[in-house]
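A.B. asks: File start.txt follows (compact mmCIF, C-alpha atoms and all ligand atoms):
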```
# COMPACT_ATOMS: atom_id res chain seq x y z
CA MET A 1 85.49 101.81 132.28
CA PHE A 2 86.19 98.40 130.78
CA GLU A 3 83.31 98.85 128.35
CA ALA A 4 84.69 102.24 127.19
CA VAL A 5 88.09 100.70 126.49
CA LEU A 6 86.42 97.83 124.69
CA TRP A 7 84.37 100.24 122.51
CA PHE A 8 87.50 102.28 121.75
CA LEU A 9 89.44 99.20 120.68
CA LEU A 10 86.50 97.96 118.63
CA GLY A 11 86.16 101.37 116.96
CA ALA A 12 89.88 101.47 116.15
CA ALA A 13 89.72 97.96 114.69
CA VAL A 14 86.64 98.74 112.61
CA THR A 15 88.00 102.02 111.23
CA ASN A 16 91.32 100.48 110.29
CA ALA A 17 89.64 97.48 108.69
CA GLY A 18 87.34 99.79 106.70
CA GLU A 19 90.22 101.91 105.45
CA TRP A 20 92.22 98.81 104.55
CA PHE A 21 89.27 97.26 102.69
CA MET A 22 88.44 100.44 100.73
CA HIS A 23 92.08 101.04 99.83
CA LYS A 24 92.86 97.47 98.82
CA TYR A 25 89.67 96.46 97.01
CA ILE A 26 88.09 99.71 95.82
CA LEU A 27 91.00 102.04 95.13
CA HIS A 28 93.52 99.43 93.99
CA VAL A 29 91.41 96.75 92.29
CA LEU A 30 88.73 98.94 90.71
CA GLY A 31 91.14 101.85 90.35
CA LYS A 32 93.46 99.94 88.00
CA HIS A 33 90.84 100.20 85.25
CA LYS A 34 91.50 103.48 83.45
CA ASN A 35 87.80 104.27 82.95
CA SER A 36 86.90 103.61 86.58
CA LEU A 37 85.66 106.32 88.95
CA TRP A 38 88.56 105.28 91.20
CA ALA A 39 91.29 105.44 88.52
CA TYR A 40 92.71 108.70 89.94
CA HIS A 41 94.11 106.84 92.94
CA TRP A 42 96.19 104.32 91.02
CA HIS A 43 97.03 106.31 87.90
CA GLU A 44 97.56 109.76 89.47
CA HIS A 45 98.25 109.49 93.21
CA HIS A 46 100.43 106.36 93.08
CA ALA A 47 102.19 107.52 89.92
CA VAL A 48 103.20 110.75 91.70
CA CYS A 49 104.27 108.85 94.82
CA ASP A 50 106.39 106.45 92.76
CA LYS A 51 108.25 109.37 91.18
CA ASN A 52 108.73 111.33 94.46
CA ASN A 53 110.00 108.73 96.90
CA MET A 54 106.46 107.90 98.17
CA LEU A 55 105.50 111.56 98.66
CA ASP A 56 102.50 113.21 97.03
CA GLU A 57 103.21 116.94 97.31
CA GLY A 58 99.54 117.64 96.65
CA ASN A 59 98.69 116.32 100.11
CA ARG A 60 100.71 119.12 101.74
CA ARG A 61 98.36 121.92 100.72
CA LEU A 62 94.65 122.22 100.16
CA LYS A 63 93.50 123.48 96.80
CA LEU A 64 89.87 123.92 95.88
CA GLN A 65 89.97 121.92 92.68
CA TRP A 66 89.06 118.39 91.57
CA ASN A 67 92.60 116.99 91.97
CA PRO A 68 93.57 113.46 93.10
CA GLN A 69 93.86 114.54 96.72
CA ASN A 70 90.35 115.99 96.85
CA LYS A 71 88.96 113.01 94.95
CA GLU A 72 89.87 110.98 98.05
CA LEU A 73 87.34 112.91 100.14
CA PRO A 74 84.21 111.07 98.88
CA THR A 75 86.02 107.78 99.54
CA LEU A 76 86.85 108.86 103.08
CA ALA A 77 83.25 109.98 103.58
CA ARG A 78 82.01 106.54 102.44
CA ILE A 79 84.40 104.84 104.88
CA LEU A 80 83.19 107.10 107.70
CA LEU A 81 79.51 106.56 106.87
CA SER A 82 79.83 102.78 106.62
CA GLN A 83 81.67 102.66 109.93
CA LEU A 84 79.16 104.92 111.67
CA LEU A 85 76.36 102.62 110.51
CA PHE A 86 78.31 99.58 111.70
CA ILE A 87 79.07 101.13 115.11
CA GLN A 88 75.44 102.25 115.47
CA SER A 89 74.26 98.73 114.71
CA LEU A 90 76.65 97.27 117.28
CA SER A 91 75.59 99.87 119.82
CA ASN A 92 71.91 99.01 119.32
CA GLN A 93 72.66 95.31 119.72
CA PHE A 94 74.61 96.04 122.90
CA LYS A 95 71.71 98.11 124.30
CA ASN A 96 69.22 95.33 123.45
CA TYR A 97 71.50 92.78 125.09
CA ASN A 98 71.72 94.85 128.29
CA PHE A 99 67.95 95.51 128.26
CA ASN A 100 67.14 91.80 127.88
CA ARG A 101 69.52 90.88 130.73
CA ARG A 102 67.46 92.90 133.25
ZN ZN A 201 96.81 103.18 97.21
```
Represent the structure from my file as structure tokens, please.

C.D. replies:
Amino acid sequence: MFEAVLWFLLGAAVTNAGEWFMHKYILHVLGKHKNSLWAYHWHEHHAVCDKNNMLDEGNRRLKLQWNPQNKELPTLARILLSQLLFIQSLSNQFKNYNFNRR
């Protein structure tokens, strides 16, 4: 039981750190350059939020078009993939550690 709680807390810490890192350094630093792939976040999403009291109305409904909200999806997929790889690596190390203790 203790190990499950530990894995849950580790997973929560890793996912939050990944989201924070991607948001701060990819979307905000690289996104400030107008020709960047990530420019939509700073120049579209944040511009809308600044005008609407921190609310992006586009997040309230799903539209099948290449709008700023849907441009976030590849970023979220990258965060998920990087975290899955990290968790898998930790899991393998944990299994090896337990196997070597026997
Ligand atoms: Zn942002």

A.B. asks: Please tell me which residues are no farther than 12 Å from (90.7, 108.5, 88.0) in the file, counting all atoms listed in the file, and write them as a PDB file with C-alpha atoms, keeping the file's coordinate frame.

C.D. replies:
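The resulting out12.pdb:
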```pdb
ATOM      1  CA  LEU A  27      91.000 102.040  95.130  1.00  0.00           C
ATOM      2  CA  HIS A  28      93.520  99.430  93.990  1.00  0.00           C
ATOM      3  CA  LEU A  30      88.730  98.940  90.710  1.00  0.00           C
ATOM      4  CA  GLY A  31      91.140 101.850  90.350  1.00  0.00           C
ATOM      5  CA  LYS A  32      93.460  99.940  88.000  1.00  0.00           C
ATOM      6  CA  HIS A  33      90.840 100.200  85.250  1.00  0.00           C
ATOM      7  CA  LYS A  34      91.500 103.480  83.450  1.00  0.00           C
ATOM      8  CA  ASN A  35      87.800 104.270  82.950  1.00  0.00           C
ATOM      9  CA  SER A  36      86.900 103.610  86.580  1.00  0.00           C
ATOM     10  CA  LEU A  37      85.660 106.320  88.950  1.00  0.00           C
ATOM     11  CA  TRP A  38      88.560 105.280  91.200  1.00  0.00           C
ATOM     12  CA  ALA A  39      91.290 105.440  88.520  1.00  0.00           C
ATOM     13  CA  TYR A  40      92.710 108.700  89.940  1.00  0.00           C
ATOM     14  CA  HIS A  41      94.110 106.840  92.940  1.00  0.00           C
ATOM     15  CA  TRP A  42      96.190 104.320  91.020  1.00  0.00           C
ATOM     16  CA  HIS A  43      97.030 106.310  87.900  1.00  0.00           C
ATOM     17  CA  GLU A  44      97.560 109.760  89.470  1.00  0.00           C
ATOM     18  CA  HIS A  45      98.250 109.490  93.210  1.00  0.00           C
ATOM     19  CA  HIS A  46     100.430 106.360  93.080  1.00  0.00           C
ATOM     20  CA  ALA A  47     102.190 107.520  89.920  1.00  0.00           C
ATOM     21  CA  TRP A  66      89.060 118.390  91.570  1.00  0.00           C
ATOM     22  CA  ASN A  67      92.600 116.990  91.970  1.00  0.00           C
ATOM     23  CA  PRO A  68      93.570 113.460  93.100  1.00  0.00           C
ATOM     24  CA  GLN A  69      93.860 114.540  96.720  1.00  0.00           C
ATOM     25  CA  ASN A  70      90.350 115.990  96.850  1.00  0.00           C
ATOM     26  CA  LYS A  71      88.960 113.010  94.950  1.00  0.00           C
ATOM     27  CA  GLU A  72      89.870 110.980  98.050  1.00  0.00           C
TER      28      GLU A  72
END
```

A.B. asks: What is the distance, in Å and to one decimal place, between atom CA of A:Thr75 and atom CA of A:Glu19?

C.D. replies: 9.3 Å

A.B. asks: Please list as a compact mmCIF listing (two decimals) with C-alpha atoms, in the frame of the given file every residue within 8 Å of stretch 80-90 of chain A, counting all atoms listed in the file and excluding residues in the same chain fewer than 6 positions away.

C.D. replies:
```txt
# COMPACT_ATOMS: atom_id res chain seq x y z
CA GLY A 11 86.16 101.37 116.96
CA VAL A 14 86.64 98.74 112.61
CA THR A 15 88.00 102.02 111.23
CA GLY A 18 87.34 99.79 106.70
```

A.B. asks: Go ahead and compute the interatomic distance for atom CA of A:Ile79 and atom CA of A:Trp20, in Å to one decimal.

C.D. replies: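 It comes out at 9.9 Å.
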
A.B. asks: Distance atom CA of A:Val29-atom ZN of ligand ZN 201 (chain A), one decimal place?

C.D. replies: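 The value is 9.7 Å.
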
A.B. asks: Once 5 Å is added on each side, what centre and edge lengths in Å to one decimal does the axis-aligned box around all listed atoms of stretch 7-15 of chain A have, as JSON?

C.D. replies:
```
{"center_x": 87.1, "center_y": 100.1, "center_z": 116.9, "size_x": 15.5, "size_y": 14.3, "size_z": 21.3}
```
